[in-house]
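**Q** Sharing entry.txt below, compact mmCIF, C-alpha atoms:
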```txt
# COMPACT_ATOMS: atom_id res chain seq x y z
CA MET E 683 5.26 -2.84 -32.46
CA ARG E 684 6.23 0.08 -30.21
CA VAL E 685 5.95 -0.74 -26.52
CA VAL E 686 6.38 1.64 -23.59
CA VAL E 687 7.85 -0.17 -20.57
CA ALA E 688 7.12 2.06 -17.58
CA PRO E 689 7.29 0.25 -14.23
CA ASP E 690 7.75 1.42 -10.67
CA SER E 691 10.28 -0.24 -8.37
CA PHE E 692 9.46 -3.74 -7.13
CA GLY E 693 9.49 -3.38 -3.35
CA GLY E 694 12.99 -3.91 -2.01
CA THR E 695 14.02 -6.27 -4.82
CA LEU E 696 14.32 -4.25 -8.04
CA SER E 697 14.66 -0.55 -8.77
CA ALA E 698 12.39 0.85 -11.45
CA THR E 699 15.33 0.88 -13.86
CA ALA E 700 16.23 -2.74 -13.10
CA ALA E 701 12.60 -3.79 -13.47
CA ALA E 702 12.30 -2.06 -16.85
CA GLU E 703 15.49 -3.73 -18.06
CA ALA E 704 14.33 -7.17 -16.89
CA ILE E 705 10.98 -6.76 -18.65
CA ALA E 706 12.74 -5.65 -21.83
CA GLU E 707 15.16 -8.56 -21.70
CA GLY E 708 12.37 -11.11 -21.48
CA TRP E 709 10.19 -9.37 -24.05
CA ARG E 710 12.96 -9.36 -26.64
CA ARG E 711 13.37 -13.13 -26.37
CA THR E 712 9.88 -13.48 -27.82
CA ALA E 713 9.58 -10.31 -29.93
CA PRO E 714 13.09 -9.11 -30.89
CA ASP E 715 11.74 -6.77 -33.57
CA ASP E 716 9.49 -4.79 -31.24
CA GLU E 717 10.66 -1.28 -30.43
CA LEU E 718 10.83 -0.88 -26.66
CA ARG E 719 10.92 2.49 -24.94
CA LEU E 720 12.11 2.04 -21.36
CA LEU E 721 10.75 4.70 -19.03
CA PRO E 722 11.32 3.82 -15.35
CA LEU E 723 8.87 5.72 -13.17
CA ALA E 724 8.00 6.40 -9.53
CA ASP E 725 5.03 7.76 -7.61
CA GLY E 726 6.69 9.64 -4.76
CA GLY E 727 8.02 6.66 -2.84
CA THR E 728 11.38 4.94 -3.05
CA GLY E 729 13.15 5.76 -6.32
CA PHE E 730 11.28 9.02 -6.92
CA VAL E 731 14.39 11.21 -7.04
CA GLU E 732 16.56 8.69 -8.90
CA VAL E 733 13.95 8.43 -11.67
CA LEU E 734 13.82 12.21 -12.06
CA HIS E 735 17.61 12.46 -12.15
CA ALA E 736 17.83 9.77 -14.85
CA ALA E 737 15.31 11.62 -16.99
CA LEU E 738 16.18 15.26 -16.28
CA GLY E 739 19.68 15.41 -14.83
CA GLY E 740 20.28 17.96 -12.10
CA GLU E 741 22.71 18.46 -9.23
CA TRP E 742 22.92 16.07 -6.29
CA HIS E 743 23.33 17.44 -2.75
CA GLU E 744 24.49 14.87 -0.24
CA ARG E 745 24.48 15.07 3.56
CA GLU E 746 23.99 12.97 6.66
CA VAL E 747 20.62 13.24 8.37
CA THR E 748 18.87 11.65 11.33
CA GLY E 749 17.64 8.20 10.37
CA PRO E 750 14.51 6.48 11.67
CA PHE E 751 16.32 5.21 14.80
CA GLY E 752 18.02 8.56 15.53
CA ASP E 753 21.35 7.48 14.09
CA PRO E 754 22.91 9.34 11.13
CA VAL E 755 22.21 7.98 7.65
CA PRO E 756 23.49 9.23 4.28
CA ALA E 757 20.85 10.96 2.16
CA ARG E 758 20.66 13.29 -0.79
CA TRP E 759 18.34 15.61 -2.64
CA LEU E 760 18.25 16.74 -6.25
CA ARG E 761 18.37 20.32 -7.45
CA ILE E 762 16.97 21.19 -10.87
CA GLY E 763 16.98 24.95 -11.37
CA ASP E 764 15.40 26.53 -8.30
CA THR E 765 13.55 23.38 -7.30
CA CYS E 766 14.61 20.72 -4.81
CA TYR E 767 13.28 17.19 -5.20
CA LEU E 768 13.66 14.85 -2.24
CA GLU E 769 12.05 11.65 -1.09
CA SER E 770 11.03 11.00 2.47
CA ALA E 771 12.23 7.41 2.18
CA ALA E 772 15.82 8.63 1.87
CA ALA E 773 15.72 9.71 5.52
CA CYS E 774 13.09 7.46 7.09
CA GLY E 775 12.45 4.71 4.57
CA LEU E 776 11.33 1.22 5.45
CA HIS E 777 14.44 -0.10 3.71
CA LEU E 778 16.43 1.43 6.61
CA VAL E 779 14.67 -0.88 9.07
CA PRO E 780 15.85 -4.52 8.92
CA ARG E 781 13.01 -7.04 8.70
CA GLU E 782 13.78 -8.42 12.15
CA ARG E 783 13.21 -4.93 13.61
CA ARG E 784 9.79 -4.43 12.04
CA VAL E 785 8.03 -5.09 15.32
CA PRO E 786 5.40 -3.10 17.29
CA GLU E 787 7.80 -1.40 19.71
CA VAL E 788 9.88 -0.12 16.79
CA ALA E 789 6.90 0.85 14.62
CA VAL E 790 5.68 3.29 17.28
CA SER E 791 9.09 4.85 17.95
CA VAL E 792 10.83 5.69 14.66
CA THR E 793 11.17 9.32 13.58
CA SER E 794 10.83 11.46 10.45
CA ARG E 795 13.29 14.08 11.71
CA GLY E 796 15.72 13.49 8.85
CA VAL E 797 13.11 14.63 6.33
CA GLY E 798 13.00 18.03 8.01
CA GLU E 799 16.79 18.18 7.93
CA LEU E 800 16.74 17.60 4.17
CA VAL E 801 14.14 20.34 3.73
CA ALA E 802 16.25 22.70 5.86
CA ASP E 803 19.35 21.89 3.82
CA ALA E 804 17.53 22.74 0.60
CA ARG E 805 16.13 25.92 2.17
CA ASP E 806 19.62 27.01 3.20
CA ALA E 807 20.88 26.30 -0.34
CA GLY E 808 18.49 28.95 -1.65
CA VAL E 809 15.91 26.95 -3.58
CA ALA E 810 12.49 28.44 -4.20
CA GLU E 811 10.50 25.22 -4.00
CA VAL E 812 10.87 21.86 -2.27
CA VAL E 813 9.00 18.87 -3.67
CA VAL E 814 8.78 16.09 -1.09
CA GLY E 815 8.10 12.63 -2.45
CA LEU E 816 5.95 10.74 0.04
CA GLY E 817 5.96 6.96 0.31
CA GLY E 818 7.95 3.99 1.48
CA SER E 819 8.42 5.35 5.00
CA ALA E 820 9.08 3.39 8.17
CA THR E 821 7.53 6.08 10.35
CA THR E 822 4.05 6.83 11.66
CA ASP E 823 4.74 10.05 13.55
CA GLY E 824 2.54 12.40 11.56
CA GLY E 825 5.60 14.35 10.47
CA ALA E 826 6.27 15.47 14.05
CA GLY E 827 9.97 14.71 13.69
CA MET E 828 10.14 16.67 10.45
CA LEU E 829 8.46 19.70 12.04
CA ALA E 830 10.80 19.57 15.04
CA ALA E 831 13.81 19.78 12.70
CA LEU E 832 12.23 22.86 11.12
CA GLY E 833 11.57 24.63 14.42
CA ALA E 834 8.11 23.53 15.62
CA VAL E 835 8.60 21.03 18.45
CA PRO E 836 5.73 18.96 19.89
CA VAL E 837 5.64 19.27 23.68
CA ASP E 838 3.57 17.82 26.52
CA ALA E 839 1.46 19.75 29.01
CA ASP E 840 4.58 20.62 31.03
CA GLY E 841 6.42 21.93 27.97
CA ALA E 842 8.78 18.95 27.74
CA PRO E 843 9.75 18.10 24.16
CA LEU E 844 8.33 14.87 22.72
CA SER E 845 10.50 12.83 20.43
CA GLY E 846 10.98 9.26 19.34
CA GLY E 847 8.15 8.52 16.95
CA GLY E 848 4.38 8.38 17.02
CA ALA E 849 3.66 6.90 20.45
CA PRO E 850 4.79 9.95 22.50
CA LEU E 851 2.33 12.12 20.56
CA ALA E 852 -0.42 10.72 22.78
CA ARG E 853 0.85 13.31 25.29
CA CYS E 854 1.14 16.17 22.80
CA ALA E 855 -0.36 19.40 24.14
CA ARG E 856 0.89 21.83 21.50
CA LEU E 857 3.66 22.73 19.09
CA GLU E 858 6.25 25.08 20.52
CA GLY E 859 8.12 27.34 18.14
CA ALA E 860 7.47 28.09 14.48
CA VAL E 861 8.38 26.31 11.27
CA ASP E 862 11.15 28.18 9.47
CA LEU E 863 10.80 27.69 5.71
CA GLY E 864 12.54 30.90 4.72
CA GLY E 865 9.90 31.58 2.08
CA VAL E 866 10.31 28.22 0.37
CA ARG E 867 7.19 26.77 -1.25
CA LEU E 868 6.37 23.18 -0.35
CA VAL E 869 4.85 20.53 -2.59
CA ALA E 870 3.70 17.18 -1.24
CA ALA E 871 4.02 14.54 -3.95
CA ALA E 872 1.92 11.77 -2.44
CA ASP E 873 1.75 8.19 -3.64
CA VAL E 874 -1.66 7.66 -2.01
CA ASP E 875 -4.75 9.69 -1.12
CA ASN E 876 -5.39 8.25 2.35
CA PRO E 877 -6.52 10.54 5.18
CA LEU E 878 -4.57 10.75 8.42
CA LEU E 879 -6.90 8.80 10.74
CA GLY E 880 -9.33 5.93 10.84
CA ARG E 881 -9.58 2.65 8.97
CA HIS E 882 -8.14 4.20 5.81
CA GLY E 883 -5.56 6.25 7.71
CA ALA E 884 -1.80 6.14 8.14
CA ALA E 885 -1.71 3.73 11.08
CA ALA E 886 -4.43 1.30 10.04
CA VAL E 887 -3.42 0.89 6.40
CA PHE E 888 0.35 1.20 6.47
CA GLY E 889 1.26 0.45 10.09
CA PRO E 890 1.15 -3.34 9.68
CA GLN E 891 3.70 -3.14 6.85
CA LYS E 892 6.03 -1.42 9.31
CA GLY E 893 5.60 -3.97 12.08
CA ALA E 894 2.61 -2.58 13.98
CA ASP E 895 0.17 -5.12 15.41
CA ASP E 896 -3.46 -4.31 16.26
CA GLY E 897 -2.47 -2.77 19.58
CA ALA E 898 0.21 -0.59 18.04
CA VAL E 899 -2.15 0.52 15.26
CA ALA E 900 -4.74 1.63 17.81
CA GLU E 901 -2.05 3.38 19.86
CA LEU E 902 -0.69 5.23 16.83
CA ASP E 903 -4.11 6.24 15.53
CA ALA E 904 -5.05 7.73 18.89
CA ALA E 905 -1.71 9.53 19.14
CA LEU E 906 -2.10 10.94 15.63
CA ALA E 907 -5.58 12.21 16.51
CA ARG E 908 -4.07 14.11 19.45
CA PHE E 909 -1.31 15.44 17.21
CA ALA E 910 -3.87 16.52 14.59
CA ASP E 911 -5.45 18.74 17.26
CA ALA E 912 -2.06 20.32 17.92
CA LEU E 913 -1.49 20.86 14.19
CA ALA E 914 -4.87 22.53 13.82
CA ALA E 915 -4.18 24.84 16.76
CA ALA E 916 -0.70 25.77 15.53
CA PHE E 917 -1.46 26.32 11.85
CA GLY E 918 -5.11 27.30 11.92
CA VAL E 919 -6.15 24.54 9.54
CA ASP E 920 -7.40 21.02 10.21
CA VAL E 921 -5.91 18.65 7.65
CA ARG E 922 -6.71 15.28 9.19
CA ASP E 923 -9.33 14.43 6.55
CA GLU E 924 -7.47 15.85 3.58
CA PRO E 925 -6.53 13.37 0.83
CA GLY E 926 -2.86 12.46 1.18
CA ALA E 927 -2.64 13.47 4.85
CA GLY E 928 -1.94 9.85 5.72
CA ALA E 929 0.85 9.45 3.18
CA ALA E 930 4.26 8.37 4.50
CA GLY E 931 3.05 7.75 8.03
CA GLY E 932 1.28 11.09 8.26
CA LEU E 933 4.08 13.21 6.84
CA GLY E 934 1.48 14.40 4.38
CA ALA E 935 -0.51 15.95 7.23
CA ALA E 936 2.45 17.96 8.51
CA LEU E 937 3.30 19.22 5.04
CA LEU E 938 -0.30 20.17 4.29
CA ALA E 939 -0.51 22.02 7.61
CA CYS E 940 2.57 23.98 6.56
CA GLY E 941 0.76 25.08 3.42
CA ALA E 942 2.12 22.52 0.98
CA ARG E 943 0.37 22.06 -2.32
CA ARG E 944 -0.56 18.41 -2.78
CA VAL E 945 0.03 16.76 -6.15
CA SER E 946 -0.08 13.20 -7.32
CA GLY E 947 3.47 11.87 -7.20
CA ALA E 948 2.71 9.56 -10.10
CA GLY E 949 1.12 12.40 -12.07
CA LEU E 950 4.09 14.69 -11.44
CA VAL E 951 6.59 12.09 -12.62
CA ARG E 952 4.36 11.27 -15.59
CA GLU E 953 4.51 14.93 -16.62
CA LEU E 954 8.21 15.56 -15.94
CA VAL E 955 9.57 12.49 -17.73
CA GLY E 956 7.29 12.82 -20.75
CA LEU E 957 5.21 9.65 -20.40
CA ASP E 958 2.33 11.09 -22.41
CA THR E 959 4.58 11.90 -25.36
CA GLU E 960 5.81 8.31 -25.39
CA LEU E 961 2.30 6.91 -25.11
CA ASP E 962 1.25 9.01 -28.10
CA LYS E 963 3.64 6.92 -30.23
CA ALA E 964 2.98 3.50 -28.68
CA GLN E 965 0.76 0.52 -29.38
CA LEU E 966 1.05 -1.02 -25.91
CA ALA E 967 1.91 0.13 -22.38
CA ILE E 968 3.50 -2.13 -19.77
CA THR E 969 3.76 -1.10 -16.14
CA GLY E 970 4.17 -2.83 -12.81
CA GLU E 971 5.27 -2.83 -9.18
CA GLY E 972 5.98 -5.26 -6.39
CA SER E 973 2.36 -5.83 -5.40
CA PHE E 974 -0.65 -4.92 -7.53
CA ASP E 975 -3.26 -4.68 -4.78
CA TRP E 976 -6.10 -2.43 -3.68
CA GLN E 977 -3.64 0.24 -2.55
CA SER E 978 -2.43 0.45 -6.16
CA LEU E 979 -5.87 1.79 -7.06
CA ARG E 980 -5.58 4.78 -4.69
CA GLY E 981 -3.32 7.01 -6.78
CA LYS E 982 -0.21 4.89 -7.22
CA LEU E 983 1.84 4.68 -10.39
CA ILE E 984 -0.02 1.88 -12.14
CA THR E 985 -3.20 3.95 -12.25
CA ALA E 986 -1.36 6.90 -13.83
CA VAL E 987 0.09 4.75 -16.61
CA ALA E 988 -3.15 2.85 -17.17
CA ARG E 989 -5.26 5.98 -17.40
CA GLY E 990 -2.78 7.60 -19.75
CA ALA E 991 -2.97 4.53 -21.98
CA ALA E 992 -6.77 4.38 -21.77
CA ASP E 993 -7.02 8.03 -22.85
CA ARG E 994 -5.33 6.98 -26.08
CA GLY E 995 -7.16 3.72 -26.58
CA LEU E 996 -4.03 1.71 -25.83
CA PRO E 997 -4.04 -1.60 -23.96
CA CYS E 998 -2.16 -1.56 -20.66
CA VAL E 999 -0.61 -4.68 -19.15
CA VAL E 1000 0.63 -5.00 -15.56
CA LEU E 1001 3.52 -7.23 -14.54
CA ALA E 1002 3.77 -7.36 -10.74
CA GLY E 1003 5.45 -9.44 -8.10
CA GLN E 1004 2.02 -10.46 -6.85
CA VAL E 1005 -1.48 -9.64 -8.11
CA SER E 1006 -4.49 -9.47 -5.80
CA VAL E 1007 -6.68 -7.04 -7.77
CA GLY E 1008 -9.63 -8.60 -9.57
CA ARG E 1009 -10.27 -8.19 -13.28
CA ARG E 1010 -13.20 -5.83 -12.77
CA GLU E 1011 -11.27 -3.52 -10.41
CA ALA E 1012 -8.25 -3.54 -12.73
CA ALA E 1013 -10.38 -2.74 -15.77
CA ALA E 1014 -11.94 0.19 -13.92
CA VAL E 1015 -8.56 1.97 -13.87
CA GLY E 1016 -7.65 1.00 -17.44
CA VAL E 1017 -5.66 -2.21 -16.91
CA ASP E 1018 -6.43 -4.84 -19.54
CA SER E 1019 -4.51 -7.75 -17.98
CA ALA E 1020 -2.33 -8.30 -14.93
CA TYR E 1021 0.24 -11.05 -14.42
CA GLY E 1022 2.04 -12.10 -11.24
CA VAL E 1023 5.69 -13.12 -11.13
CA ALA E 1024 5.11 -15.35 -8.10
CA GLU E 1025 2.33 -17.26 -9.82
CA HIS E 1026 4.37 -17.72 -12.99
CA ALA E 1027 7.49 -18.75 -11.06
CA GLY E 1028 5.54 -21.20 -8.90
CA SER E 1029 5.91 -19.47 -5.55
CA VAL E 1030 6.83 -16.22 -3.84
CA GLU E 1031 10.08 -17.83 -2.68
CA ALA E 1032 11.07 -18.76 -6.22
CA SER E 1033 10.34 -15.27 -7.50
CA MET E 1034 12.29 -13.64 -4.69
CA ALA E 1035 15.30 -15.90 -5.22
CA ASP E 1036 15.89 -14.37 -8.67
CA PRO E 1037 13.77 -11.21 -9.01
CA ALA E 1038 15.18 -10.04 -12.33
CA GLY E 1039 15.28 -13.49 -13.89
CA THR E 1040 11.73 -14.43 -12.95
CA LEU E 1041 10.38 -11.04 -14.06
CA ALA E 1042 12.15 -11.47 -17.42
CA ALA E 1043 10.65 -14.96 -17.76
CA LEU E 1044 7.18 -13.58 -17.12
CA ALA E 1045 7.72 -10.82 -19.70
CA GLU E 1046 8.82 -13.44 -22.24
CA HIS E 1047 5.57 -15.32 -21.60
CA VAL E 1048 3.36 -12.21 -21.77
CA ALA E 1049 4.97 -11.09 -25.04
CA ARG E 1050 3.67 -14.25 -26.71
CA GLN E 1051 0.15 -13.04 -25.99
CA TRP E 1052 0.51 -9.33 -26.61
CA SER E 1053 3.18 -8.71 -29.24
CA LYS E 1054 1.99 -8.35 -32.80
CA GLY E 1055 5.45 -9.18 -34.10
```
Rewrite the coordinates I just gave you, this time as structure tokens.
**A**
Amino acid sequence: MRVVVAPDSFGGTLSATAAAEAIAEGWRRTAPDDELRLLPLADGGTGFVEVLHAALGGEWHEREVTGPFGDPVPARWLRIGDTCYLESAAACGLHLVPRERRVPEVAVSVTSRGVGELVADARDAGVAEVVVGLGGSATTDGGAGMLAALGAVPVDADGAPLSGGGAPLARCARLEGAVDLGGVRLVAAADVDNPLLGRHGAAAVFGPQKGADDGAVAELDAALARFADALAAAFGVDVRDEPGAGAAGGLGAALLACGARRVSGAGLVRELVGLDTELDKAQLAITGEGSFDWQSLRGKLITAVARGAADRGLPCVVLAGQVSVGRREAAAVGVDSAYGVAEHAGSVEASMADPAGTLAALAEHVARQWSKG
């Protein structure tokens, strides 16, 4: 039996490559004769650039940029031909914020400035296009920090620059200066299709993951609404309701305002790494991520793999750290069965104590049900 193993990363525990290897290890214990094709994937969030480099090669460009707290952090982007691929998480990712600092006062104050510095570095290197992977961010500043690094600084009514995250944007009167892209085309590779504001927006949906409580969520949503007015005035287009505007703490909105073309991050990776070609030759697809939940159904990687499998009449199985999607919702996107590592291991704590080992054990169990060998 030919099986395509195409997972995303598992939160902060396993990279996509490590997850694929763990699944393969467990599967082979049960079905050693099955032919496994390991194809680690990403949807624009953490691991996006590493997955593309593993599949396509390219030239790394490394530099220090401003991290979420304003301190320098090492980051890199990938050049393939005249295209730059970068991920916002490299500069302002949630993995750069220790768990003990994921609290309301931090959630409203971290910045996306480093993302703009990466874009500027690629611009200065002479690329024609910059593809920004959106996802896994610690920020909810609407991309204000990124724009400031590119020349358009949010200011208050007195013309004083506003910096330090989303909260100061409540005083944003306008953007001063112009974004300097040097003719570079922008592409926003979003892992979700959320709008900027409201109950499905950047603050309400993703803020709690970053440490925002109800008060901080309300504060950020109001500040982003004010910033959306400034974006509309500066760029002549109102993007607040556009799909993907809420991605990566609102970075999607800033990119769309700058004229970026929005694409599905999962769909882009699917195309570039040749997932469809592999599915054409397979009898089963396996995918997964840290948490298979309702957000997974809004354009994340699992849906791309499942739909690709469904188009070919292939069953698709999800192995995830935790599963909270019901059977009916999973089936609607092409998932035949979903299995949780935590449930199989007995608890979340047990699964987290040995992420690779417990994922391999789950794969060994699932292979008994799905392998034809």
**Q** So that each row is one residue of range 743-796 of chain E with an atom at most 7 Å from range 826-842 of chain E, can you give its shortest atom pair and the distance in Å to one decimal, using all atoms listed in the file, rows by chain and rising number, as CSV?
**A**
```
residue,atom,partner,partner_atom,distance
E:Thr793,CA,E:Gly827,CA,5.5
E:Ser794,CA,E:Gly827,CA,4.7
E:Arg795,CA,E:Gly827,CA,3.9
E:Gly796,CA,E:Met828,CA,6.6
```
**Q** For Pro714 in chain E, work out the shell of residues within 12 Å, counting only C-alpha atoms and skipping chain neighbours fewer than 5 positions away, then give it as number ranges by chain.
**A** E: 683-685, 706-709, 1046, 1049-1050, 1053-1055
**Q** Which polymer residues have any atom within 8 Å of an atom of range 932-940 of chain E, counting all atoms listed in the file, with same-chain residues fewer than 4 positions away left out, as a PyMOL selection string?
**A** chain E and resi 794+816+822-826+828-829+861+868-870+872+878+884+913-914+917+919-922+924+926-928+944
**Q** Go through E:Gly848, E:Gly880, E:Gly752, E:Gly956 and flag the residue nearest Leu734 in chain E, using all atoms listed in the file for the distances.
**A**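 Between E:Gly848, E:Gly880, E:Gly752, E:Gly956, the residue approaching Leu734 in chain E most closely is E:Gly956.
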**Q** Tell me which of E:Ala804, E:Ala855, E:Leu718, E:Val987 sits closest to Ala916 in chain E, counting all atoms listed in the file.
**A**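 Closest residue, counting all atoms listed in the file: E:Ala855.
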**Q** Quick one: of E:Asp873, E:Glu811, E:Glu960, E:Glu782, who's nearest to Ala930 in chain E, counting all atoms listed in the file?
**A**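 Residue with the minimum atom-to-atom distance to Ala930 in chain E: E:Asp873.
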**Q** Could the centre and edge lengths of an axis-aligned box, enclosing all atoms of range 913-917 of chain E in the file with 3 Å extra on each side, be given in Å to one decimal as lines of an AutoDock Vina configuration file?
**A**
```
center_x = -2.8
center_y = 23.6
center_z = 14.3
size_x = 10.2
size_y = 11.5
size_z = 10.9
```
**Q** Could you tell me how far CA of Val779 in chain E lies from CA of Asp753 in chain E, in Å and to one decimal?
**A**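 We find that CA of Val779 in chain E and CA of Asp753 in chain E lie 11.8 Å from each other.
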**Q** For CA of Gly727 in chain E and CA of Thr748 in chain E, determine how far apart the two atoms are, in Å to one decimal place.
**A**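 The value is 18.5 Å.
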**Q** Just the number, please: distance in Å from CA of Ser946 in chain E to CA of His882 in chain E, one decimal.
**A**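 Interatomic distance, CA of Ser946 in chain E to CA of His882 in chain E: 17.8 Å.
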**Q** Between E:Lys963, E:Arg1009, E:Arg745, E:Arg994, which is the closest to Trp976 in chain E once you count all atoms listed in the file?
**A**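 Under the stated criterion, the closest residue is E:Arg1009.
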**Q** Here is a test: counting all atoms listed in the file, which residue of E:Thr765, E:Thr821, E:Ser978, E:Ser845 is nearest to Gly808 in chain E?
**A**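 Answer, going by the shortest atom-to-atom distance: E:Thr765.
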**Q** What's the 12 Å shell around Ser1019 in chain E, counting only C-alpha atoms, without same-chain residues fewer than 6 positions away, as a PyMOL selection string?
**A** chain E and resi 966-970+974+988+997-1002+1005+1007-1013+1048+1051-1052
**Q** Atoms to include: C-alpha atoms. Write the selected residues as a JSON list (two decimals), in the frame of the given file.
**A**
```
[["chain", "number", "residue", "atom", "x", "y", "z"],
["E", 966, "LEU", "CA", 1.05, -1.02, -25.91],
["E", 967, "ALA", "CA", 1.91, 0.13, -22.38],
["E", 968, "ILE", "CA", 3.50, -2.13, -19.77],
["E", 969, "THR", "CA", 3.76, -1.10, -16.14],
["E", 970, "GLY", "CA", 4.17, -2.83, -12.81],
["E", 974, "PHE", "CA", -0.65, -4.92, -7.53],
["E", 988, "ALA", "CA", -3.15, 2.85, -17.17],
["E", 997, "PRO", "CA", -4.04, -1.60, -23.96],
["E", 998, "CYS", "CA", -2.16, -1.56, -20.66],
["E", 999, "VAL", "CA", -0.61, -4.68, -19.15],
["E", 1000, "VAL", "CA", 0.63, -5.00, -15.56],
["E", 1001, "LEU", "CA", 3.52, -7.23, -14.54],
["E", 1002, "ALA", "CA", 3.77, -7.36, -10.74],
["E", 1005, "VAL", "CA", -1.48, -9.64, -8.11],
["E", 1007, "VAL", "CA", -6.68, -7.04, -7.77],
["E", 1008, "GLY", "CA", -9.63, -8.60, -9.57],
["E", 1009, "ARG", "CA", -10.27, -8.19, -13.28],
["E", 1010, "ARG", "CA", -13.20, -5.83, -12.77],
["E", 1011, "GLU", "CA", -11.27, -3.52, -10.41],
["E", 1012, "ALA", "CA", -8.25, -3.54, -12.73],
["E", 1013, "ALA", "CA", -10.38, -2.74, -15.77],
["E", 1048, "VAL", "CA", 3.36, -12.21, -21.77],
["E", 1051, "GLN", "CA", 0.15, -13.04, -25.99],
["E", 1052, "TRP", "CA", 0.51, -9.33, -26.61]]
```
**Q** Compare E:Val792, E:Leu696, E:Val733, E:Ala1014 by their minimum atom-to-atom distance to Leu950 in chain E, counting all atoms listed in the file, and give me the closest one.
**A**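 Using all atoms listed in the file, Leu950 in chain E sits closest to E:Val733.
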**Q** Env of Asp895 in chain E: 6 Å cut, atoms = all atoms listed in the file, seq-sep filter 2 positions within chain, self excluded. Answer as a ChimeraX atom specification.
**A** /E:786,897-898
**Q** Could those selected residues go to a file with C-alpha atoms, as a PDB file, in the coordinates of the input?
**A**
```pdb
ATOM      1  CA  PRO E 786       5.400  -3.100  17.290  1.00  0.00           C
ATOM      2  CA  GLY E 897      -2.470  -2.770  19.580  1.00  0.00           C
ATOM      3  CA  ALA E 898       0.210  -0.590  18.040  1.00  0.00           C
TER       4      ALA E 898
END
```
**Q** Residues near Pro1037 in chain E, anyone? I mean within 12 Å using only C-alpha atoms, not counting same-chain ones fewer than 4 positions away, as JSON, numbers by chain.
**A** {"E": [691, 692, 693, 694, 695, 696, 697, 700, 701, 703, 704, 705, 971, 972, 1002, 1003, 1004, 1022, 1023, 1024, 1027, 1029, 1030, 1031, 1032, 1033, 1041, 1042, 1043, 1044]}
